[in-house]
Amino acid sequence: MKLIFSVFFSLFSLFLFSQDLAILKYKGGGDWYGNPTALPNLIKFCNQNINTKINPKPQTVEVGSSDIFQYPFLHMTGHGNVFFSEADAENLRNYLISGGFLHIDDNYGMQPYITKELKKVFPNQELTELPVNHKLFNNVYKFPKGLPKIHEHDGKRPQAFGIFHKDRLVLLFTYESDLGDGWEDAEVHNDPADVREKALKMGANIVKYAFEN
């Protein structure tokens, strides 16, 4: 009964709240609050360039809260440890299979922790690298080489990984790109304008994809 109510509530909420983004707060000690100017800047760019009407101030929601069902798009970032309880994992899984979308952007050092915790959410699935011809790279803005490189860390190529449910991409994990740093205010990282624009355009593609699929 609890599961039925959760799914019903999630579907109702996702249709009711169609144009808001939220930051996902998680346990484990990692800095879920990193890049504070990133999401507001991405929202501003989307509202100005791809005709969205997103609330300019993103909210913060905890992974185990029913509040996540109010938002069609969740953004998660950080550098360090991530921990999902079994209740957190079940809540997040119900959210994703009911129409929600989660973008996880590795701010550097997050990968080993989030990979482990995602096995609690989808025990029988693995993160799969997205091909460069995926719709994510070919909607409003074209990225023929796939995920762009925004910040250099370990000299690795940028990669976009996904988890699918019934052929729908429900979770995107961006690795060795650091899109969120590129979304931040210009003076935070002193990135060139073209690098910031590239990051924002890729972010806009992600938002558009999440809203339309």
# chains A, B, ... in the order shown; residues from 1 in each chain; ligands from 1
>>> select_by_dssp(residues="chain A", states="alpha helix (DSSP H)", output="PyMOL selection string")
chain A and resi 2-16+38-49+86-97+111-121+179-183+186-189+193-212
>>> closest_atom_pairs(of="stretch 33-151 of chain A", to="stretch 191-197 of chain A", cutoff="9 Å", atoms="only C-alpha atoms", output="JSON lines")
{"residue": "A:Lys149", "atom": "CA", "partner": "A:Val195", "partner_atom": "CA", "distance": 8.7}
{"residue": "A:Ile150", "atom": "CA", "partner": "A:Val195", "partner_atom": "CA", "distance": 6.4}
{"residue": "A:His151", "atom": "CA", "partner": "A:Asp191", "partner_atom": "CA", "distance": 8.9}
>>> write_last_selection(atoms="C-alpha atoms", output="PDB file, in the first residue's frame")
ATOM      1  CA  LYS A 149      35.714  18.904 -21.227  1.00  0.00           C
ATOM      2  CA  ILE A 150      35.316  21.896 -18.897  1.00  0.00           C
ATOM      3  CA  HIS A 151      37.962  21.403 -16.199  1.00  0.00           C
TER       4      HIS A 151
END
>>> residues_around(residues="stretch 134-147 of chain A", least_positions_apart="4", cutoff="7 Å", atoms="only C-alpha atoms", output="PDB file with N, CA and C atoms, in the first residue's frame")
ATOM      1  N   LEU A 130      27.109   6.737 -22.648  1.00  0.00           N
ATOM      2  CA  LEU A 130      26.230   7.167 -23.734  1.00  0.00           C
ATOM      3  C   LEU A 130      27.041   7.388 -25.003  1.00  0.00           C
ATOM      4  N   PRO A 158      36.363  13.212 -20.898  1.00  0.00           N
ATOM      5  CA  PRO A 158      35.042  13.338 -20.276  1.00  0.00           C
ATOM      6  C   PRO A 158      34.121  12.216 -20.734  1.00  0.00           C
ATOM      7  N   GLN A 159      33.302  11.730 -19.810  1.00  0.00           N
ATOM      8  CA  GLN A 159      32.381  10.651 -20.138  1.00  0.00           C
ATOM      9  C   GLN A 159      31.005  10.919 -19.531  1.00  0.00           C
ATOM     10  N   ALA A 160      29.994  10.549 -20.273  1.00  0.00           N
ATOM     11  CA  ALA A 160      28.607  10.636 -19.791  1.00  0.00           C
ATOM     12  C   ALA A 160      28.061   9.225 -19.674  1.00  0.00           C
ATOM     13  N   LYS A 201      25.566  25.417 -22.454  1.00  0.00           N
ATOM     14  CA  LYS A 201      24.822  24.823 -23.566  1.00  0.00           C
ATOM     15  C   LYS A 201      24.611  23.326 -23.340  1.00  0.00           C
ATOM     16  N   ASN A 205      21.001  21.368 -22.833  1.00  0.00           N
ATOM     17  CA  ASN A 205      20.607  20.132 -23.510  1.00  0.00           C
ATOM     18  C   ASN A 205      20.088  19.095 -22.513  1.00  0.00           C
ATOM     19  N   ILE A 206      20.767  19.002 -21.365  1.00  0.00           N
ATOM     20  CA  ILE A 206      20.344  18.035 -20.343  1.00  0.00           C
ATOM     21  C   ILE A 206      18.964  18.392 -19.801  1.00  0.00           C
ATOM     22  N   TYR A 209      16.286  17.696 -22.440  1.00  0.00           N
ATOM     23  CA  TYR A 209      16.059  16.256 -22.564  1.00  0.00           C
ATOM     24  C   TYR A 209      15.223  15.743 -21.398  1.00  0.00           C
TER      25      TYR A 209
END
>>> residues_around(residues="A:Ile97", least_positions_apart="3", cutoff="8 Å", atoms="only C-alpha atoms", output="ChimeraX atom specification")
/A:93-94,100,165,170
>>> write_last_selection(atoms="N, CA, C and O atoms", output="PDB file, in the first residue's frame")
ATOM      1  N   ARG A  93      14.686   5.458  -6.259  1.00  0.00           N
ATOM      2  CA  ARG A  93      14.287   4.541  -7.326  1.00  0.00           C
ATOM      3  C   ARG A  93      12.840   4.788  -7.739  1.00  0.00           C
ATOM      4  O   ARG A  93      12.519   4.874  -8.934  1.00  0.00           O
ATOM      5  N   ASN A  94      11.943   4.937  -6.775  1.00  0.00           N
ATOM      6  CA  ASN A  94      10.537   5.201  -7.089  1.00  0.00           C
ATOM      7  C   ASN A  94      10.384   6.517  -7.855  1.00  0.00           C
ATOM      8  O   ASN A  94       9.579   6.621  -8.788  1.00  0.00           O
ATOM      9  N   GLY A 100      10.872  10.904 -12.930  1.00  0.00           N
ATOM     10  CA  GLY A 100      11.875  11.881 -12.537  1.00  0.00           C
ATOM     11  C   GLY A 100      13.204  11.673 -13.243  1.00  0.00           C
ATOM     12  O   GLY A 100      13.433  10.653 -13.900  1.00  0.00           O
ATOM     13  N   HIS A 165      15.519   3.148 -17.677  1.00  0.00           N
ATOM     14  CA  HIS A 165      14.356   2.383 -17.218  1.00  0.00           C
ATOM     15  C   HIS A 165      13.344   2.381 -18.346  1.00  0.00           C
ATOM     16  O   HIS A 165      12.862   3.445 -18.766  1.00  0.00           O
ATOM     17  N   VAL A 170      17.003   7.798 -17.165  1.00  0.00           N
ATOM     18  CA  VAL A 170      16.463   8.369 -15.923  1.00  0.00           C
ATOM     19  C   VAL A 170      17.549   8.983 -15.055  1.00  0.00           C
ATOM     20  O   VAL A 170      17.269   9.801 -14.176  1.00  0.00           O
TER      21      VAL A 170
END
>>> residues_around(residues="A:Glu184", least_positions_apart="4", cutoff="10 Å", atoms="only C-alpha atoms", output="PyMOL selection string")
chain A and resi 35-42+179-180+188-191+196+199-200
>>> write_last_selection(atoms="all heavy atoms", output="CSV table (one decimal), in the first residue's frame")
chain,number,residue,atom,x,y,z
A,35,ASN,N,29.5,24.3,-5.5
A,35,ASN,CA,29.1,25.1,-6.7
A,35,ASN,C,27.7,25.8,-6.5
A,35,ASN,O,26.8,25.6,-7.3
A,35,ASN,CB,29.0,24.2,-8.0
A,35,ASN,CG,30.3,23.7,-8.4
A,35,ASN,OD1,31.3,24.1,-7.9
A,35,ASN,ND2,30.2,22.7,-9.4
A,36,PRO,N,27.6,26.7,-5.5
A,36,PRO,CA,26.4,27.3,-5.2
A,36,PRO,C,25.8,28.2,-6.3
A,36,PRO,O,24.6,28.4,-6.3
A,36,PRO,CB,26.7,28.1,-3.9
A,36,PRO,CG,28.1,28.4,-4.0
A,36,PRO,CD,28.7,27.1,-4.6
A,37,THR,N,26.6,28.8,-7.2
A,37,THR,CA,26.1,29.7,-8.2
A,37,THR,C,25.8,28.9,-9.5
A,37,THR,O,25.2,29.5,-10.4
A,37,THR,CB,27.1,30.8,-8.5
A,37,THR,OG1,28.3,30.3,-9.1
A,37,THR,CG2,27.4,31.6,-7.3
A,38,ALA,N,26.1,27.6,-9.5
A,38,ALA,CA,26.0,26.9,-10.8
A,38,ALA,C,24.5,26.7,-11.3
A,38,ALA,O,24.2,27.1,-12.4
A,38,ALA,CB,26.6,25.5,-10.6
A,39,LEU,N,23.7,26.1,-10.4
A,39,LEU,CA,22.3,25.9,-10.9
A,39,LEU,C,21.5,27.1,-11.2
A,39,LEU,O,20.8,27.2,-12.2
A,39,LEU,CB,21.6,25.0,-9.9
A,39,LEU,CG,20.6,24.0,-10.5
A,39,LEU,CD1,21.2,23.1,-11.6
A,39,LEU,CD2,20.0,23.1,-9.4
A,40,PRO,N,21.6,28.2,-10.3
A,40,PRO,CA,20.9,29.4,-10.7
A,40,PRO,C,21.4,30.0,-12.1
A,40,PRO,O,20.6,30.5,-12.8
A,40,PRO,CB,21.3,30.4,-9.6
A,40,PRO,CG,21.6,29.5,-8.4
A,40,PRO,CD,22.2,28.3,-9.0
A,41,ASN,N,22.7,29.9,-12.4
A,41,ASN,CA,23.2,30.4,-13.7
A,41,ASN,C,22.6,29.5,-14.8
A,41,ASN,O,22.3,30.0,-15.9
A,41,ASN,CB,24.7,30.4,-13.7
A,41,ASN,CG,25.3,31.6,-12.9
A,41,ASN,OD1,24.6,32.6,-12.7
A,41,ASN,ND2,26.5,31.4,-12.5
A,42,LEU,N,22.6,28.2,-14.6
A,42,LEU,CA,22.1,27.3,-15.6
A,42,LEU,C,20.6,27.6,-15.9
A,42,LEU,O,20.1,27.7,-17.0
A,42,LEU,CB,22.3,25.9,-15.3
A,42,LEU,CG,21.6,24.8,-16.2
A,42,LEU,CD1,22.3,25.0,-17.6
A,42,LEU,CD2,21.8,23.4,-15.7
A,179,LEU,N,30.9,20.0,-15.4
A,179,LEU,CA,30.0,21.0,-16.0
A,179,LEU,C,29.7,22.1,-15.0
A,179,LEU,O,29.6,23.2,-15.3
A,179,LEU,CB,28.7,20.3,-16.4
A,179,LEU,CG,28.8,19.4,-17.7
A,179,LEU,CD1,27.5,18.7,-17.9
A,179,LEU,CD2,29.2,20.2,-18.9
A,180,GLY,N,29.4,21.7,-13.7
A,180,GLY,CA,29.0,22.6,-12.7
A,180,GLY,C,30.0,23.7,-12.5
A,180,GLY,O,29.6,24.9,-12.2
A,188,VAL,N,34.5,32.8,-10.2
A,188,VAL,CA,34.8,31.7,-9.3
A,188,VAL,C,36.0,30.9,-9.8
A,188,VAL,O,36.9,30.6,-9.1
A,188,VAL,CB,33.6,30.8,-9.1
A,188,VAL,CG1,33.9,29.6,-8.3
A,188,VAL,CG2,32.4,31.6,-8.5
A,189,HIS,N,36.0,30.6,-11.1
A,189,HIS,CA,37.1,29.8,-11.6
A,189,HIS,C,37.9,30.5,-12.7
A,189,HIS,O,38.8,29.9,-13.3
A,189,HIS,CB,36.5,28.4,-12.2
A,189,HIS,CG,35.8,27.6,-11.2
A,189,HIS,ND1,36.5,26.9,-10.2
A,189,HIS,CD2,34.5,27.3,-11.0
A,189,HIS,CE1,35.6,26.3,-9.4
A,189,HIS,NE2,34.4,26.5,-9.9
A,190,ASN,N,37.4,31.7,-13.1
A,190,ASN,CA,38.1,32.4,-14.2
A,190,ASN,C,38.2,31.7,-15.5
A,190,ASN,O,39.2,31.8,-16.2
A,190,ASN,CB,39.5,32.9,-13.7
A,190,ASN,CG,39.5,33.8,-12.5
A,190,ASN,OD1,38.7,34.8,-12.5
A,190,ASN,ND2,40.3,33.5,-11.5
A,191,ASP,N,37.1,30.9,-15.8
A,191,ASP,CA,37.1,30.2,-17.1
A,191,ASP,C,36.8,31.2,-18.2
A,191,ASP,O,36.1,32.2,-18.0
A,191,ASP,CB,36.0,29.2,-17.1
A,191,ASP,CG,36.3,28.0,-16.2
A,191,ASP,OD1,37.5,27.6,-16.1
A,191,ASP,OD2,35.3,27.4,-15.6
A,196,ARG,N,32.7,28.6,-20.5
A,196,ARG,CA,31.5,28.7,-19.7
A,196,ARG,C,30.2,28.5,-20.7
A,196,ARG,O,29.3,27.8,-20.3
A,196,ARG,CB,31.4,30.0,-19.0
A,196,ARG,CG,32.5,30.2,-18.0
A,196,ARG,CD,32.3,31.5,-17.2
A,196,ARG,NE,31.1,31.4,-16.3
A,196,ARG,CZ,30.0,32.2,-16.5
A,196,ARG,NH1,29.9,33.1,-17.5
A,196,ARG,NH2,28.9,32.0,-15.7
A,199,ALA,N,29.7,24.9,-21.4
A,199,ALA,CA,29.2,24.2,-20.3
A,199,ALA,C,27.7,24.4,-20.1
A,199,ALA,O,26.9,23.5,-19.9
A,199,ALA,CB,29.9,24.6,-19.0
A,200,LEU,N,27.3,25.7,-20.3
A,200,LEU,CA,25.9,26.1,-20.1
A,200,LEU,C,25.0,25.5,-21.3
A,200,LEU,O,23.9,25.0,-21.0
A,200,LEU,CB,25.7,27.6,-20.1
A,200,LEU,CG,26.2,28.3,-18.9
A,200,LEU,CD1,26.5,29.8,-19.1
A,200,LEU,CD2,25.3,28.1,-17.7
>>> residues_around(residues="stretch 74-76 of chain A", least_positions_apart="4", cutoff="6 Å", atoms="only C-alpha atoms", output="CSV table (one decimal) with C-alpha atoms, in the first residue's frame")
chain,number,residue,atom,x,y,z
A,21,LEU,CA,14.9,22.2,-10.5
A,22,ALA,CA,16.2,21.1,-7.1
A,23,ILE,CA,19.6,20.3,-5.6
A,24,LEU,CA,19.8,16.8,-4.0
A,102,LEU,CA,18.7,12.9,-11.8
A,103,HIS,CA,21.8,14.5,-13.1
A,104,ILE,CA,24.9,13.7,-11.0
>>> atom_distance(atom1="atom CA of A:Lys156", atom2="atom CA of A:Asp31")
22.6 Å
>>> closest_residue(among="A:Ser177, A:Ser98, A:Gln70, A:Gln19", to="A:Asn55", atoms="only C-alpha atoms")
A:Gln19
>>> closest_residue(among="A:Tyr108, A:Phe211, A:Phe83, A:Tyr71", to="A:Tyr95", atoms="only C-alpha atoms")
A:Tyr71
>>> residues_around(residues="A:Gly109", least_positions_apart="5", cutoff="12 Å", atoms="only C-alpha atoms", output="PyMOL selection string")
chain A and resi 30-31+77-82+114-115+153-154+175-176+178
>>> decode(residues="stretch 104-125 of chain A", atoms="N, CA, C and O atoms", output="PDB file, in the first residue's frame")
ATOM      1  N   ILE A 104      23.853  13.705 -12.027  1.00  0.00           N
ATOM      2  CA  ILE A 104      24.949  13.687 -11.049  1.00  0.00           C
ATOM      3  C   ILE A 104      26.201  14.193 -11.752  1.00  0.00           C
ATOM      4  O   ILE A 104      26.652  13.589 -12.736  1.00  0.00           O
ATOM      5  N   ASP A 105      26.749  15.282 -11.279  1.00  0.00           N
ATOM      6  CA  ASP A 105      27.941  15.865 -11.879  1.00  0.00           C
ATOM      7  C   ASP A 105      29.105  15.717 -10.911  1.00  0.00           C
ATOM      8  O   ASP A 105      29.109  16.326  -9.841  1.00  0.00           O
ATOM      9  N   ASP A 106      30.075  14.891 -11.287  1.00  0.00           N
ATOM     10  CA  ASP A 106      31.233  14.660 -10.429  1.00  0.00           C
ATOM     11  C   ASP A 106      32.099  15.918 -10.415  1.00  0.00           C
ATOM     12  O   ASP A 106      32.704  16.284 -11.411  1.00  0.00           O
ATOM     13  N   ASN A 107      32.154  16.540  -9.246  1.00  0.00           N
ATOM     14  CA  ASN A 107      32.932  17.768  -9.085  1.00  0.00           C
ATOM     15  C   ASN A 107      34.419  17.455  -8.876  1.00  0.00           C
ATOM     16  O   ASN A 107      35.233  18.355  -8.765  1.00  0.00           O
ATOM     17  N   TYR A 108      34.722  16.168  -8.814  1.00  0.00           N
ATOM     18  CA  TYR A 108      36.050  15.564  -8.697  1.00  0.00           C
ATOM     19  C   TYR A 108      36.124  14.745  -7.411  1.00  0.00           C
ATOM     20  O   TYR A 108      35.972  15.270  -6.313  1.00  0.00           O
ATOM     21  N   GLY A 109      36.343  13.458  -7.575  1.00  0.00           N
ATOM     22  CA  GLY A 109      36.504  12.553  -6.446  1.00  0.00           C
ATOM     23  C   GLY A 109      35.244  11.849  -5.994  1.00  0.00           C
ATOM     24  O   GLY A 109      35.263  11.063  -5.038  1.00  0.00           O
ATOM     25  N   MET A 110      34.130  12.090  -6.671  1.00  0.00           N
ATOM     26  CA  MET A 110      32.848  11.518  -6.265  1.00  0.00           C
ATOM     27  C   MET A 110      32.620  10.111  -6.826  1.00  0.00           C
ATOM     28  O   MET A 110      31.874   9.320  -6.242  1.00  0.00           O
ATOM     29  N   GLN A 111      33.244   9.801  -7.930  1.00  0.00           N
ATOM     30  CA  GLN A 111      32.934   8.615  -8.722  1.00  0.00           C
ATOM     31  C   GLN A 111      32.922   7.296  -7.951  1.00  0.00           C
ATOM     32  O   GLN A 111      31.952   6.525  -8.046  1.00  0.00           O
ATOM     33  N   PRO A 112      33.939   6.967  -7.151  1.00  0.00           N
ATOM     34  CA  PRO A 112      33.911   5.651  -6.485  1.00  0.00           C
ATOM     35  C   PRO A 112      32.780   5.505  -5.477  1.00  0.00           C
ATOM     36  O   PRO A 112      32.269   4.402  -5.263  1.00  0.00           O
ATOM     37  N   TYR A 113      32.378   6.608  -4.868  1.00  0.00           N
ATOM     38  CA  TYR A 113      31.324   6.558  -3.852  1.00  0.00           C
ATOM     39  C   TYR A 113      29.944   6.462  -4.488  1.00  0.00           C
ATOM     40  O   TYR A 113      29.114   5.643  -4.077  1.00  0.00           O
ATOM     41  N   ILE A 114      29.690   7.298  -5.499  1.00  0.00           N
ATOM     42  CA  ILE A 114      28.354   7.290  -6.090  1.00  0.00           C
ATOM     43  C   ILE A 114      28.108   5.995  -6.865  1.00  0.00           C
ATOM     44  O   ILE A 114      26.993   5.459  -6.862  1.00  0.00           O
ATOM     45  N   THR A 115      29.140   5.450  -7.487  1.00  0.00           N
ATOM     46  CA  THR A 115      28.984   4.189  -8.217  1.00  0.00           C
ATOM     47  C   THR A 115      28.530   3.077  -7.278  1.00  0.00           C
ATOM     48  O   THR A 115      27.632   2.287  -7.602  1.00  0.00           O
ATOM     49  N   LYS A 116      29.129   3.037  -6.104  1.00  0.00           N
ATOM     50  CA  LYS A 116      28.756   2.033  -5.103  1.00  0.00           C
ATOM     51  C   LYS A 116      27.326   2.238  -4.615  1.00  0.00           C
ATOM     52  O   LYS A 116      26.553   1.280  -4.499  1.00  0.00           O
ATOM     53  N   GLU A 117      26.939   3.475  -4.336  1.00  0.00           N
ATOM     54  CA  GLU A 117      25.606   3.736  -3.785  1.00  0.00           C
ATOM     55  C   GLU A 117      24.505   3.529  -4.817  1.00  0.00           C
ATOM     56  O   GLU A 117      23.377   3.161  -4.466  1.00  0.00           O
ATOM     57  N   LEU A 118      24.810   3.742  -6.084  1.00  0.00           N
ATOM     58  CA  LEU A 118      23.792   3.535  -7.117  1.00  0.00           C
ATOM     59  C   LEU A 118      23.406   2.068  -7.253  1.00  0.00           C
ATOM     60  O   LEU A 118      22.317   1.753  -7.758  1.00  0.00           O
ATOM     61  N   LYS A 119      24.259   1.170  -6.782  1.00  0.00           N
ATOM     62  CA  LYS A 119      23.900  -0.250  -6.798  1.00  0.00           C
ATOM     63  C   LYS A 119      22.762  -0.539  -5.827  1.00  0.00           C
ATOM     64  O   LYS A 119      22.040  -1.523  -5.979  1.00  0.00           O
ATOM     65  N   LYS A 120      22.584   0.330  -4.827  1.00  0.00           N
ATOM     66  CA  LYS A 120      21.436   0.195  -3.916  1.00  0.00           C
ATOM     67  C   LYS A 120      20.146   0.639  -4.610  1.00  0.00           C
ATOM     68  O   LYS A 120      19.068   0.125  -4.318  1.00  0.00           O
ATOM     69  N   VAL A 121      20.275   1.606  -5.506  1.00  0.00           N
ATOM     70  CA  VAL A 121      19.102   2.153  -6.200  1.00  0.00           C
ATOM     71  C   VAL A 121      18.663   1.213  -7.319  1.00  0.00           C
ATOM     72  O   VAL A 121      17.480   0.896  -7.459  1.00  0.00           O
ATOM     73  N   PHE A 122      19.623   0.761  -8.123  1.00  0.00           N
ATOM     74  CA  PHE A 122      19.341  -0.169  -9.224  1.00  0.00           C
ATOM     75  C   PHE A 122      20.327  -1.341  -9.134  1.00  0.00           C
ATOM     76  O   PHE A 122      21.359  -1.350  -9.812  1.00  0.00           O
ATOM     77  N   PRO A 123      20.015  -2.326  -8.294  1.00  0.00           N
ATOM     78  CA  PRO A 123      20.959  -3.434  -8.048  1.00  0.00           C
ATOM     79  C   PRO A 123      21.339  -4.226  -9.282  1.00  0.00           C
ATOM     80  O   PRO A 123      22.427  -4.800  -9.341  1.00  0.00           O
ATOM     81  N   ASN A 124      20.464  -4.270 -10.264  1.00  0.00           N
ATOM     82  CA  ASN A 124      20.701  -5.116 -11.431  1.00  0.00           C
ATOM     83  C   ASN A 124      21.146  -4.338 -12.661  1.00  0.00           C
ATOM     84  O   ASN A 124      21.111  -4.855 -13.782  1.00  0.00           O
ATOM     85  N   GLN A 125      21.524  -3.081 -12.466  1.00  0.00           N
ATOM     86  CA  GLN A 125      21.941  -2.270 -13.601  1.00  0.00           C
ATOM     87  C   GLN A 125      23.317  -1.678 -13.357  1.00  0.00           C
ATOM     88  O   GLN A 125      23.726  -1.448 -12.226  1.00  0.00           O
TER      89      GLN A 125
END
